[in-house]
$ cat my_file_36.cif   # mmCIF, C-alpha atoms
data_data
#
loop_
_atom_site.label_atom_id
_atom_site.label_comp_id
_atom_site.auth_asym_id
_atom_site.auth_seq_id
_atom_site.Cartn_x
_atom_site.Cartn_y
_atom_site.Cartn_z
CA MET A 189 16.92 12.31 -35.85
CA SER A 190 13.53 10.70 -35.33
CA TYR A 191 11.84 11.08 -31.95
CA LEU A 192 8.86 8.91 -32.81
CA ASN A 193 9.11 5.25 -31.85
CA LEU A 194 6.99 3.62 -34.51
CA THR A 195 6.15 0.73 -32.19
CA GLU A 196 5.08 3.00 -29.34
CA GLN A 197 1.51 2.73 -28.08
CA PHE A 198 -0.64 5.77 -27.39
CA ALA A 199 -3.74 6.30 -25.27
CA TRP A 200 -5.58 9.53 -24.66
CA LYS A 201 -8.81 10.89 -23.25
CA ILE A 202 -10.52 14.14 -24.12
CA ALA A 203 -14.00 15.31 -23.12
CA GLY A 204 -16.34 12.31 -22.86
CA VAL A 205 -18.91 13.75 -25.28
CA THR A 206 -18.56 17.05 -27.12
CA HIS A 207 -21.49 18.95 -28.60
CA PHE A 208 -20.17 21.56 -31.04
CA GLY A 209 -22.02 24.18 -33.02
CA VAL A 210 -24.13 27.32 -32.97
CA GLY A 211 -27.04 26.89 -30.60
CA THR A 212 -25.73 23.81 -28.80
CA VAL A 213 -25.85 25.61 -25.45
CA SER A 214 -29.63 25.07 -25.58
CA MET A 215 -28.87 21.37 -25.02
CA THR A 216 -27.43 21.99 -21.54
CA GLY A 217 -30.39 20.51 -19.67
CA ASP A 218 -30.49 17.36 -21.80
CA VAL A 219 -26.71 16.93 -21.57
CA VAL A 220 -26.85 17.20 -17.78
CA LYS A 221 -29.65 14.64 -17.65
CA SER A 222 -27.63 12.28 -19.85
CA LEU A 223 -25.09 12.07 -17.02
CA GLY A 224 -27.71 10.65 -14.68
CA VAL A 225 -28.52 13.89 -12.87
CA LYS A 226 -32.07 13.97 -11.59
CA ASN A 227 -32.34 16.92 -9.25
CA LYS A 228 -29.68 19.57 -8.81
CA VAL A 229 -26.45 20.96 -10.25
CA LEU A 230 -23.98 23.62 -9.23
CA VAL A 231 -23.30 26.21 -11.91
CA VAL A 232 -19.77 27.58 -11.50
CA THR A 233 -19.06 30.92 -13.15
CA ASP A 234 -17.71 34.43 -12.51
CA LYS A 235 -19.50 37.63 -11.63
CA GLY A 236 -19.24 39.01 -15.15
CA MET A 237 -21.31 36.17 -16.57
CA GLU A 238 -24.03 36.70 -14.00
CA ASP A 239 -23.99 40.50 -14.07
CA THR A 240 -24.37 40.59 -17.88
CA GLY A 241 -27.11 37.98 -17.91
CA LEU A 242 -25.06 35.63 -20.08
CA ILE A 243 -25.50 32.96 -17.42
CA GLU A 244 -29.09 32.56 -18.64
CA ASN A 245 -27.70 30.70 -21.64
CA VAL A 246 -27.28 27.69 -19.35
CA THR A 247 -29.79 28.37 -16.57
CA ASN A 248 -32.78 28.66 -18.95
CA PRO A 249 -32.14 25.23 -20.53
CA LEU A 250 -31.68 23.76 -17.05
CA GLU A 251 -35.05 25.16 -15.97
CA GLU A 252 -36.68 23.80 -19.12
CA ALA A 253 -35.29 20.36 -18.28
CA ASN A 254 -36.62 20.66 -14.69
CA ILE A 255 -33.10 20.59 -13.25
CA ASP A 256 -32.70 22.72 -10.14
CA PHE A 257 -29.47 24.67 -9.78
CA GLU A 258 -27.43 26.92 -7.54
CA ILE A 259 -24.97 29.46 -8.94
CA TRP A 260 -21.54 30.09 -7.48
CA ASP A 261 -19.97 33.11 -9.21
CA GLY A 262 -16.77 33.53 -7.20
CA CYS A 263 -14.25 32.34 -9.82
CA GLU A 264 -11.13 34.48 -10.13
CA PRO A 265 -9.30 35.36 -13.38
CA GLU A 266 -6.23 33.48 -12.09
CA PRO A 267 -7.81 30.96 -9.69
CA THR A 268 -6.17 30.37 -6.33
CA ARG A 269 -6.57 27.33 -4.13
CA GLU A 270 -8.46 29.54 -1.66
CA SER A 271 -11.07 30.50 -4.25
CA MET A 272 -11.51 26.87 -5.32
CA GLU A 273 -11.93 25.77 -1.72
CA LYS A 274 -14.49 28.52 -1.14
CA GLY A 275 -16.42 27.38 -4.20
CA ALA A 276 -16.47 23.81 -2.92
CA SER A 277 -17.48 24.85 0.60
CA GLU A 278 -20.35 27.07 -0.52
CA GLY A 279 -21.37 24.89 -3.45
CA SER A 280 -21.60 21.71 -1.38
CA LYS A 281 -24.40 23.16 0.73
CA SER A 282 -26.95 22.51 -2.01
CA LYS A 283 -25.77 18.88 -2.43
CA PRO A 284 -25.32 19.04 -6.23
CA GLU A 285 -25.13 15.91 -8.36
CA ALA A 286 -22.93 17.54 -11.00
CA VAL A 287 -21.05 20.74 -11.76
CA VAL A 288 -21.68 22.90 -14.83
CA ALA A 289 -18.81 25.27 -15.70
CA PHE A 290 -19.85 28.35 -17.67
CA GLY A 291 -17.03 30.72 -18.59
CA GLY A 292 -13.45 30.87 -19.74
CA GLY A 293 -10.53 28.67 -18.87
CA SER A 294 -10.22 29.91 -15.30
CA VAL A 295 -13.86 29.07 -14.62
CA ILE A 296 -13.53 25.61 -16.13
CA ASP A 297 -10.27 24.97 -14.24
CA SER A 298 -11.97 26.03 -11.01
CA ALA A 299 -15.02 23.86 -11.66
CA LYS A 300 -12.85 20.79 -12.25
CA VAL A 301 -11.34 21.08 -8.78
CA ILE A 302 -14.57 22.16 -7.10
CA ALA A 303 -16.28 19.03 -8.46
CA GLN A 304 -13.59 16.89 -6.83
CA LEU A 305 -13.55 18.67 -3.49
CA ILE A 306 -17.33 18.53 -3.10
CA ALA A 307 -17.32 14.76 -3.63
CA LEU A 308 -14.04 13.82 -1.93
CA GLY A 309 -13.70 16.47 0.76
CA GLY A 310 -10.49 18.03 1.96
CA GLU A 311 -8.47 20.95 0.69
CA VAL A 312 -6.52 21.59 -2.50
CA ASN A 313 -3.19 21.01 -0.77
CA ASP A 314 -4.32 17.52 0.25
CA TYR A 315 -4.13 16.54 -3.43
CA LEU A 316 -1.86 19.07 -5.15
CA PRO A 317 1.46 17.36 -4.25
CA ASN A 318 0.37 14.43 -6.43
CA ALA A 319 -1.24 16.71 -9.03
CA ALA A 320 -4.16 14.26 -9.01
CA PHE A 321 -7.15 13.00 -7.08
CA PRO A 322 -7.56 9.39 -5.89
CA GLN A 323 -10.88 8.92 -7.69
CA LYS A 324 -13.52 10.61 -9.78
CA GLY A 325 -15.62 13.31 -8.13
CA LEU A 326 -18.85 14.83 -9.42
CA PRO A 327 -19.59 14.80 -13.17
CA ILE A 328 -18.47 17.94 -14.99
CA VAL A 329 -20.11 19.71 -17.93
CA ALA A 330 -17.90 22.41 -19.46
CA VAL A 331 -19.44 25.25 -21.46
CA PRO A 332 -16.66 27.59 -22.66
CA THR A 333 -17.37 31.24 -23.43
CA THR A 334 -13.90 31.94 -24.83
CA SER A 335 -11.92 30.36 -27.65
CA GLY A 336 -8.40 29.73 -26.47
CA THR A 337 -7.78 27.61 -23.42
CA GLY A 338 -9.36 24.38 -24.67
CA ALA A 339 -9.97 23.57 -21.00
CA GLU A 340 -13.17 21.75 -21.94
CA THR A 341 -11.02 18.99 -23.48
CA THR A 342 -8.22 18.54 -20.95
CA ALA A 343 -7.19 16.83 -17.75
CA TYR A 344 -5.46 20.00 -16.51
CA SER A 345 -6.41 22.62 -13.97
CA VAL A 346 -4.06 25.48 -13.10
CA VAL A 347 -3.98 26.67 -9.48
CA ALA A 348 -2.10 29.71 -8.20
CA THR A 349 -0.34 28.68 -5.00
CA GLU A 350 2.31 30.02 -2.64
CA MET A 351 5.99 29.33 -3.30
CA GLU A 352 8.09 28.84 -0.20
CA GLY A 353 10.64 31.63 0.17
CA SER A 354 9.10 33.73 -2.61
CA ASN A 355 6.81 36.74 -2.82
CA TYR A 356 5.31 35.37 -6.04
CA TYR A 357 2.52 32.86 -6.49
CA ALA A 358 3.41 29.94 -8.74
CA LYS A 359 1.06 28.35 -11.22
CA ALA A 360 0.75 24.79 -9.99
CA PHE A 361 -1.52 22.34 -11.75
CA PHE A 362 -3.53 19.15 -11.59
CA ALA A 363 -3.03 16.67 -14.42
CA ASP A 364 -5.58 13.95 -13.85
CA PRO A 365 -7.99 12.05 -16.13
CA ASN A 366 -10.52 12.25 -13.29
CA ILE A 367 -11.07 15.94 -14.07
CA VAL A 368 -11.56 15.65 -17.83
CA PRO A 369 -15.08 17.01 -18.39
CA ASP A 370 -17.69 14.31 -18.89
CA ALA A 371 -19.34 16.52 -21.49
CA ALA A 372 -18.41 19.70 -23.33
CA ILE A 373 -20.79 22.09 -25.04
CA VAL A 374 -18.90 24.34 -27.46
CA ASP A 375 -21.25 26.98 -28.82
CA PRO A 376 -19.34 29.62 -30.83
CA MET A 377 -22.17 32.12 -30.34
CA LEU A 378 -21.11 32.43 -26.70
CA THR A 379 -17.75 33.87 -27.79
CA VAL A 380 -19.22 36.73 -29.80
CA SER A 381 -19.45 38.81 -26.62
CA MET A 382 -15.71 38.58 -25.96
CA PRO A 383 -13.94 41.96 -26.01
CA ARG A 384 -11.11 42.56 -28.49
CA GLU A 385 -8.21 42.11 -26.06
CA LEU A 386 -9.60 38.89 -24.59
CA THR A 387 -10.25 37.55 -28.09
CA ALA A 388 -6.62 38.23 -28.99
CA ALA A 389 -5.14 36.82 -25.78
CA THR A 390 -7.17 33.61 -25.79
CA GLY A 391 -6.46 33.15 -29.49
CA LEU A 392 -2.72 33.33 -28.80
CA ASP A 393 -3.17 30.74 -26.05
CA ALA A 394 -4.73 28.41 -28.61
CA LEU A 395 -1.86 29.14 -30.99
CA ALA A 396 0.68 28.25 -28.29
CA HIS A 397 -1.15 24.98 -27.62
CA CYS A 398 -1.05 24.07 -31.29
CA VAL A 399 2.55 25.12 -31.88
CA GLY A 400 3.94 23.40 -28.80
CA SER A 401 1.99 20.17 -29.19
CA SER A 402 3.10 19.90 -32.84
CA TYR A 403 6.70 19.23 -31.83
CA THR A 404 6.80 17.82 -28.30
CA ALA A 405 8.47 14.50 -27.55
CA LEU A 406 5.00 12.92 -27.41
CA SER A 407 3.80 14.33 -30.72
CA ASN A 408 2.77 11.78 -33.31
CA PRO A 409 1.19 11.85 -36.79
CA PHE A 410 -2.29 12.36 -35.33
CA THR A 411 -1.37 15.23 -33.02
CA ARG A 412 0.74 16.92 -35.67
CA ALA A 413 -2.14 16.76 -38.13
CA VAL A 414 -4.67 18.33 -35.77
CA SER A 415 -2.19 20.86 -34.36
CA LEU A 416 -1.26 22.10 -37.82
CA GLN A 417 -4.94 22.43 -38.72
CA GLY A 418 -5.42 24.50 -35.56
CA ILE A 419 -2.53 26.74 -36.63
CA ARG A 420 -4.08 27.17 -40.10
CA LEU A 421 -7.39 28.22 -38.58
CA ILE A 422 -5.84 30.65 -36.11
CA SER A 423 -3.61 32.20 -38.76
CA LYS A 424 -6.63 32.75 -41.00
CA TYR A 425 -9.33 33.72 -38.51
CA LEU A 426 -7.86 35.29 -35.35
CA ARG A 427 -7.26 38.66 -37.00
CA ARG A 428 -10.83 38.66 -38.27
CA ALA A 429 -12.26 37.74 -34.87
CA VAL A 430 -10.32 40.59 -33.26
CA ALA A 431 -11.22 43.16 -35.93
CA TYR A 432 -14.86 42.11 -36.36
CA PRO A 433 -16.24 40.62 -33.13
CA ASP A 434 -19.56 39.72 -34.81
CA ASP A 435 -17.88 37.72 -37.60
CA LEU A 436 -19.55 34.40 -36.88
CA GLU A 437 -17.44 32.46 -39.38
CA ALA A 438 -14.30 33.64 -37.59
CA ARG A 439 -15.78 32.82 -34.18
CA ILE A 440 -16.80 29.32 -35.26
CA ASN A 441 -13.37 28.55 -36.64
CA MET A 442 -11.60 29.98 -33.58
CA SER A 443 -13.79 27.72 -31.42
CA TYR A 444 -12.62 24.80 -33.54
CA ALA A 445 -9.01 25.93 -33.15
CA SER A 446 -9.38 26.27 -29.39
CA PHE A 447 -10.80 22.76 -29.10
CA ILE A 448 -8.01 21.42 -31.33
CA GLY A 449 -5.39 23.16 -29.20
CA GLY A 450 -6.78 21.68 -26.02
CA ALA A 451 -6.87 18.24 -27.58
CA GLY A 452 -3.28 18.70 -28.75
CA ILE A 453 -1.84 19.40 -25.31
CA GLN A 454 -4.08 16.76 -23.77
CA ILE A 455 -2.53 14.11 -26.02
CA ALA A 456 0.99 15.38 -26.74
CA GLY A 457 1.62 17.83 -23.91
CA ALA A 458 2.63 21.47 -24.03
CA GLY A 459 5.90 23.02 -25.13
CA GLU A 460 8.41 25.37 -23.56
CA ASP A 461 6.06 28.24 -24.41
CA HIS A 462 3.73 27.15 -21.64
CA ALA A 463 6.56 26.67 -19.19
CA LEU A 464 7.67 30.26 -19.81
CA GLY A 465 4.08 31.49 -20.09
CA HIS A 466 3.25 30.18 -16.63
CA VAL A 467 6.36 31.86 -15.21
CA LEU A 468 5.60 35.20 -16.89
CA GLY A 469 1.99 35.04 -15.77
CA SER A 470 3.02 34.37 -12.19
CA ILE A 471 5.70 37.04 -11.91
CA TYR A 472 4.21 39.81 -14.04
CA LYS A 473 0.52 39.14 -13.27
CA MET A 474 -0.17 38.80 -16.98
CA PRO A 475 -3.25 37.07 -18.45
CA HIS A 476 -2.41 33.49 -19.36
CA GLY A 477 -3.00 33.73 -23.11
CA GLN A 478 -1.06 36.97 -23.41
CA ALA A 479 1.86 35.44 -21.47
CA CYS A 480 1.93 32.30 -23.64
CA GLY A 481 1.82 34.37 -26.82
CA LEU A 482 4.68 36.51 -25.56
CA ALA A 483 6.63 33.34 -24.78
CA LEU A 484 6.26 31.85 -28.26
CA PRO A 485 9.07 33.51 -30.29
CA SER A 486 11.91 32.87 -27.85
CA THR A 487 10.82 29.31 -27.07
CA MET A 488 10.23 28.51 -30.73
CA GLU A 489 13.80 29.62 -31.39
CA TYR A 490 14.92 27.20 -28.67
CA ASN A 491 13.44 24.46 -30.88
CA VAL A 492 15.15 25.46 -34.14
CA LEU A 493 18.16 23.17 -33.65
CA HIS A 494 16.12 19.99 -33.19
CA ASN A 495 12.63 20.73 -34.51
CA SER A 496 13.36 22.71 -37.67
CA GLU A 497 11.41 20.36 -39.96
CA GLN A 498 8.35 20.48 -37.72
CA MET A 499 8.65 24.27 -37.55
CA ALA A 500 8.84 24.42 -41.33
CA ASP A 501 5.43 22.74 -41.34
CA ILE A 502 4.20 25.48 -39.01
CA ALA A 503 5.44 28.12 -41.45
CA VAL A 504 3.48 26.49 -44.28
CA ALA A 505 0.37 26.24 -42.08
CA MET A 506 0.64 29.99 -41.47
CA GLY A 507 0.78 30.68 -45.20
CA GLU A 508 4.51 31.21 -45.64
CA ASP A 509 6.26 30.27 -48.90
CA ILE A 510 9.27 28.13 -47.93
CA ALA A 511 10.21 26.96 -51.44
CA GLY A 512 13.97 26.81 -51.76
CA LEU A 513 14.61 27.43 -48.07
CA THR A 514 16.61 25.20 -45.77
CA PRO A 515 14.74 23.72 -42.76
CA ARG A 516 16.48 26.26 -40.50
CA GLU A 517 15.44 29.18 -42.74
CA ALA A 518 11.90 27.83 -42.90
CA ALA A 519 11.83 27.50 -39.10
CA TYR A 520 12.61 31.18 -38.78
CA LYS A 521 9.81 31.93 -41.22
CA ALA A 522 7.48 30.29 -38.69
CA ILE A 523 8.80 32.51 -35.89
CA GLU A 524 8.46 35.62 -38.05
CA SER A 525 4.89 34.68 -38.95
CA VAL A 526 4.02 34.23 -35.27
CA THR A 527 5.51 37.61 -34.33
CA THR A 528 3.54 39.27 -37.12
CA LEU A 529 0.32 37.73 -35.85
CA ILE A 530 1.09 38.81 -32.27
CA ASN A 531 1.60 42.40 -33.45
CA ASP A 532 -1.46 42.33 -35.71
CA VAL A 533 -3.79 41.45 -32.82
CA GLY A 534 -2.46 44.26 -30.67
CA PHE A 535 0.31 42.81 -28.54
CA SER A 536 4.09 43.07 -28.44
CA TYR A 537 6.41 40.08 -28.37
CA ALA A 538 8.96 42.05 -26.29
CA LEU A 539 8.38 41.91 -22.54
CA LYS A 540 10.00 45.33 -22.10
CA ASP A 541 7.07 46.92 -23.96
CA TYR A 542 4.54 45.94 -21.32
CA GLU A 543 3.46 48.39 -18.66
CA ASN A 544 4.91 47.62 -15.21
CA ALA A 545 7.33 45.05 -16.65
CA ASP A 546 10.27 45.18 -14.24
CA LYS A 547 13.57 44.00 -15.68
CA ASN A 548 14.82 43.46 -12.12
CA ALA A 549 12.49 40.43 -11.97
CA LEU A 550 14.12 38.83 -15.02
CA PRO A 551 16.58 36.75 -12.93
CA VAL A 552 13.57 35.24 -11.15
CA VAL A 553 12.04 34.41 -14.55
CA ALA A 554 15.23 32.62 -15.58
CA ASP A 555 15.54 30.82 -12.26
CA TRP A 556 11.94 29.59 -12.27
CA LEU A 557 12.16 28.59 -15.93
CA HIS A 558 14.80 25.97 -15.20
CA SER A 559 14.16 25.08 -11.55
CA ASN A 560 10.57 25.76 -10.46
CA PRO A 561 9.03 22.41 -9.41
CA TRP A 562 5.83 23.24 -11.31
CA VAL A 563 7.78 24.05 -14.51
CA VAL A 564 10.40 21.28 -14.62
CA PRO A 565 7.78 18.54 -15.31
CA VAL A 566 7.19 20.15 -18.72
CA TYR A 567 10.73 19.10 -19.68
CA GLN A 568 10.55 15.77 -17.90
CA PHE A 569 7.45 14.58 -19.71
CA TRP A 570 6.86 16.63 -22.83
CA THR A 571 9.76 18.49 -24.43
CA LYS A 572 12.75 17.06 -26.25
CA ARG A 573 15.25 19.34 -24.52
CA THR A 574 15.60 20.34 -20.91
CA VAL A 575 16.24 23.98 -20.10
CA SER A 576 19.58 24.62 -18.39
CA LYS A 577 20.30 27.65 -16.24
CA GLU A 578 22.25 29.26 -19.09
CA ASP A 579 19.54 28.52 -21.65
CA ALA A 580 16.88 29.88 -19.29
CA GLU A 581 18.83 33.12 -18.96
CA THR A 582 19.07 33.42 -22.76
CA ILE A 583 15.35 32.73 -23.22
CA ALA A 584 14.45 35.28 -20.54
CA GLU A 585 16.72 37.96 -22.03
CA ASN A 586 15.47 37.30 -25.57
CA THR A 587 11.88 37.51 -24.35
CA TRP A 588 12.60 40.83 -22.66
CA GLU A 589 14.12 42.30 -25.82
CA GLY A 590 11.85 40.57 -28.32
CA LYS A 591 15.01 39.25 -29.93
CA PHE A 592 15.53 36.21 -32.12
CA GLY A 593 17.85 35.17 -34.93
CA GLU A 594 20.55 33.10 -33.27
CA PRO A 595 19.62 29.47 -32.47
CA PHE A 596 21.03 28.12 -29.23
#
$ encode --input "my_file_36.cif" --output "structure tokens"
Amino acid sequence: MSYLNLTEQFAWKIAGVTHFGVGTVSMTGDVVKSLGVKNKVLVVTDKGMEDTGLIENVTNPLEEANIDFEIWDGCEPEPTRESMEKGASEGSKSKPEAVVAFGGGSVIDSAKVIAQLIALGGEVNDYLPNAAFPQKGLPIVAVPTTSGTGAETTAYSVVATEMEGSNYYAKAFFADPNIVPDAAIVDPMLTVSMPRELTAATGLDALAHCVGSSYTALSNPFTRAVSLQGIRLISKYLRRAVAYPDDLEARINMSYASFIGGAGIQIAGAGEDHALGHVLGSIYKMPHGQACGLALPSTMEYNVLHNSEQMADIAVAMGEDIAGLTPREAAYKAIESVTTLINDVGFSYALKDYENADKNALPVVADWLHSNPWVVPVYQFWTKRTVSKEDAETIAENTWEGKFGEPF
């Protein structure tokens, strides 16, 4: 069955201008000026970036360009609406003309919303029900220091928010072209400082982006081409980046893969892996990339029945020999290759292996996976199958056990 309408029209938007390469962070001042900024910007970051002095990578070029700045370093690892509103409230006092995000995906996600709230006023919940803002806020320059989220390319911002009748925070999100960064500066040198575990987790996030976007309902020849290239790069270089943090070739190629992954989900959407990853991250307080990596095997298996040919391409991209195999057999080669990579970078693909993983919460995982209002849109807009209550229970149980081998 073909899911691509050959007469369908496509339109997409990724970061307005992207500057990629070693040393490009030195262009921050000039990039900011190119957006029409004359006086002042707000630099949004987290305390780690300021405490380690890494923030000087962007503040020094701003000073050299005679751009004044204020720093707000209150970003949280899993940003809440309260933290974003605090950033907007405190950041607006200096009357910035633009926002510069310096950090990982959480920082960039926070900066996207802060830039809107400063310009438009109000609170997150004034806009979150529509997952969008009525107009463009302040210009945004995104400078990632990790290689995984691809947030510098996307129209998405994840916000942890309360769920009525639940003790857990859900990962809600904005999906709005108004928050696509106006400029991105991707300097792989900034990722060299990433610790091993963060390198592994963010790399698995990029892998999930590339895998999911290669077979969504919106995938097309362009997205499949770039997504498969991202998978090739991750399969070849993530182990090296984890084992040898100073391996610049590995860091450069993982930065490419991260950007590709972000572009992939921006154009073709994310797969079931991100639906489950958001649920696992919410309920088990797990870092986003780690949760999405953990979600890959069980959700890939959910795609075997209808995406086996696309998954065979994934197997080839990961270096598997599929000669003589049926599409179904080749699809399982892709899953096996992913599980091997997850293990090689220090993680398990069985939820039960994680410290403080409570099996009693598994029914909530299954329930949210098929009914949470911030998860269901993944199936409405992006995936080829919806997830029924029974399928959600199977996915949750398989994820707990790290089990695969029976398509459903």
$ resolve_selection --input "my_file_36.cif" --expression "the PyMOL selection byres ((chain A and resi 404) around 12)" --output "PyMOL selection string"
chain A and resi 191-192+397-403+405-409+411-412+415+452-462+488+491+494-495+498-499+566-574
$ resolve_selection --input "my_file_36.cif" --expression "the PyMOL selection byres ((chain A and resi 563) around 9)" --output "MDAnalysis selection string"
chainID A and resid 359:360 462:464 466:467 556:562 564:567
$ resolve_selection --input "my_file_36.cif" --expression "the PyMOL selection byres ((chain A and resi 199-203) around 8)" --output "NGL selection string"
:A and (197-198 or 204-206 or 340-343 or 365 or 368-372 or 451 or 454-455)
$ closest_residue --input "my_file_36.cif" --among "A:Tyr537, A:Tyr432, A:Phe596, A:Tyr444" --to "Glu489 (chain A)" --atoms "all atoms listed in the file"
A:Phe596
$ closest_residue --input "my_file_36.cif" --among "A:Val246, A:Ala358, A:Val213, A:Ile502" --to "Tyr472 (chain A)" --atoms "all atoms listed in the file"
A:Ala358
$ residues_near_point --input "my_file_36.cif" --point "(15.3, 38.9, -28.4)" --cutoff "10 Å" --atoms "only C-alpha atoms" --output "PyMOL selection string"
chain A and resi 485-486+489+537-539+582-594
$ atom_distance --input "my_file_36.cif" --atom1 "CA of Glu437 (chain A)" --atom2 "CA of Gly241 (chain A)"
24.2 Å
$ atom_distance --input "my_file_36.cif" --atom1 "CA of Met215 (chain A)" --atom2 "CA of Lys300 (chain A)"
20.5 Å
$ closest_residue --input "my_file_36.cif" --among "A:Gly236, A:Gly279, A:Pro265, A:Gly209" --to "Val331 (chain A)" --atoms "only C-alpha atoms"
A:Gly209
$ axis_aligned_box --input "my_file_36.cif" --around "region 455-471 of chain A" --padding-each-side "3 Å" --output "lines of an AutoDock Vina configuration file"
center_x = 2.9
center_y = 25.6
center_z = -19.3
size_x = 16.9
size_y = 28.9
size_z = 20.8
$ build_atoms --input "my_file_36.cif" --residues "region 418-430 of chain A" --atoms "N, CA, C and O atoms" --output "PDB file, keeping the file's coordinate frame"
ATOM      1  N   GLY A 418      -5.120  23.412 -36.492  1.00  0.00           N
ATOM      2  CA  GLY A 418      -5.420  24.500 -35.560  1.00  0.00           C
ATOM      3  C   GLY A 418      -4.639  25.756 -35.908  1.00  0.00           C
ATOM      4  O   GLY A 418      -5.176  26.883 -35.872  1.00  0.00           O
ATOM      5  N   ILE A 419      -3.362  25.600 -36.250  1.00  0.00           N
ATOM      6  CA  ILE A 419      -2.530  26.740 -36.630  1.00  0.00           C
ATOM      7  C   ILE A 419      -3.074  27.407 -37.893  1.00  0.00           C
ATOM      8  O   ILE A 419      -3.120  28.641 -37.992  1.00  0.00           O
ATOM      9  N   ARG A 420      -3.493  26.602 -38.875  1.00  0.00           N
ATOM     10  CA  ARG A 420      -4.080  27.170 -40.100  1.00  0.00           C
ATOM     11  C   ARG A 420      -5.305  28.026 -39.770  1.00  0.00           C
ATOM     12  O   ARG A 420      -5.469  29.133 -40.300  1.00  0.00           O
ATOM     13  N   LEU A 421      -6.161  27.493 -38.918  1.00  0.00           N
ATOM     14  CA  LEU A 421      -7.390  28.220 -38.580  1.00  0.00           C
ATOM     15  C   LEU A 421      -7.086  29.515 -37.836  1.00  0.00           C
ATOM     16  O   LEU A 421      -7.684  30.561 -38.121  1.00  0.00           O
ATOM     17  N   ILE A 422      -6.168  29.457 -36.898  1.00  0.00           N
ATOM     18  CA  ILE A 422      -5.840  30.650 -36.110  1.00  0.00           C
ATOM     19  C   ILE A 422      -5.193  31.699 -37.002  1.00  0.00           C
ATOM     20  O   ILE A 422      -5.508  32.896 -36.924  1.00  0.00           O
ATOM     21  N   SER A 423      -4.272  31.262 -37.857  1.00  0.00           N
ATOM     22  CA  SER A 423      -3.610  32.200 -38.760  1.00  0.00           C
ATOM     23  C   SER A 423      -4.604  32.893 -39.675  1.00  0.00           C
ATOM     24  O   SER A 423      -4.459  34.076 -40.004  1.00  0.00           O
ATOM     25  N   LYS A 424      -5.649  32.177 -40.079  1.00  0.00           N
ATOM     26  CA  LYS A 424      -6.630  32.750 -41.000  1.00  0.00           C
ATOM     27  C   LYS A 424      -7.706  33.567 -40.296  1.00  0.00           C
ATOM     28  O   LYS A 424      -8.164  34.592 -40.842  1.00  0.00           O
ATOM     29  N   TYR A 425      -8.115  33.144 -39.088  1.00  0.00           N
ATOM     30  CA  TYR A 425      -9.330  33.720 -38.510  1.00  0.00           C
ATOM     31  C   TYR A 425      -9.133  34.575 -37.264  1.00  0.00           C
ATOM     32  O   TYR A 425     -10.052  35.314 -36.894  1.00  0.00           O
ATOM     33  N   LEU A 426      -7.978  34.516 -36.581  1.00  0.00           N
ATOM     34  CA  LEU A 426      -7.860  35.290 -35.350  1.00  0.00           C
ATOM     35  C   LEU A 426      -7.899  36.789 -35.630  1.00  0.00           C
ATOM     36  O   LEU A 426      -8.572  37.544 -34.910  1.00  0.00           O
ATOM     37  N   ARG A 427      -7.221  37.226 -36.666  1.00  0.00           N
ATOM     38  CA  ARG A 427      -7.260  38.660 -37.000  1.00  0.00           C
ATOM     39  C   ARG A 427      -8.693  39.115 -37.263  1.00  0.00           C
ATOM     40  O   ARG A 427      -9.098  40.202 -36.820  1.00  0.00           O
ATOM     41  N   ARG A 428      -9.438  38.304 -37.968  1.00  0.00           N
ATOM     42  CA  ARG A 428     -10.830  38.660 -38.270  1.00  0.00           C
ATOM     43  C   ARG A 428     -11.672  38.711 -37.005  1.00  0.00           C
ATOM     44  O   ARG A 428     -12.501  39.624 -36.843  1.00  0.00           O
ATOM     45  N   ALA A 429     -11.473  37.753 -36.100  1.00  0.00           N
ATOM     46  CA  ALA A 429     -12.260  37.740 -34.870  1.00  0.00           C
ATOM     47  C   ALA A 429     -11.961  38.959 -33.999  1.00  0.00           C
ATOM     48  O   ALA A 429     -12.848  39.505 -33.335  1.00  0.00           O
ATOM     49  N   VAL A 430     -10.697  39.403 -34.026  1.00  0.00           N
ATOM     50  CA  VAL A 430     -10.320  40.590 -33.260  1.00  0.00           C
ATOM     51  C   VAL A 430     -10.890  41.850 -33.908  1.00  0.00           C
ATOM     52  O   VAL A 430     -11.427  42.737 -33.233  1.00  0.00           O
TER      53      VAL A 430
END
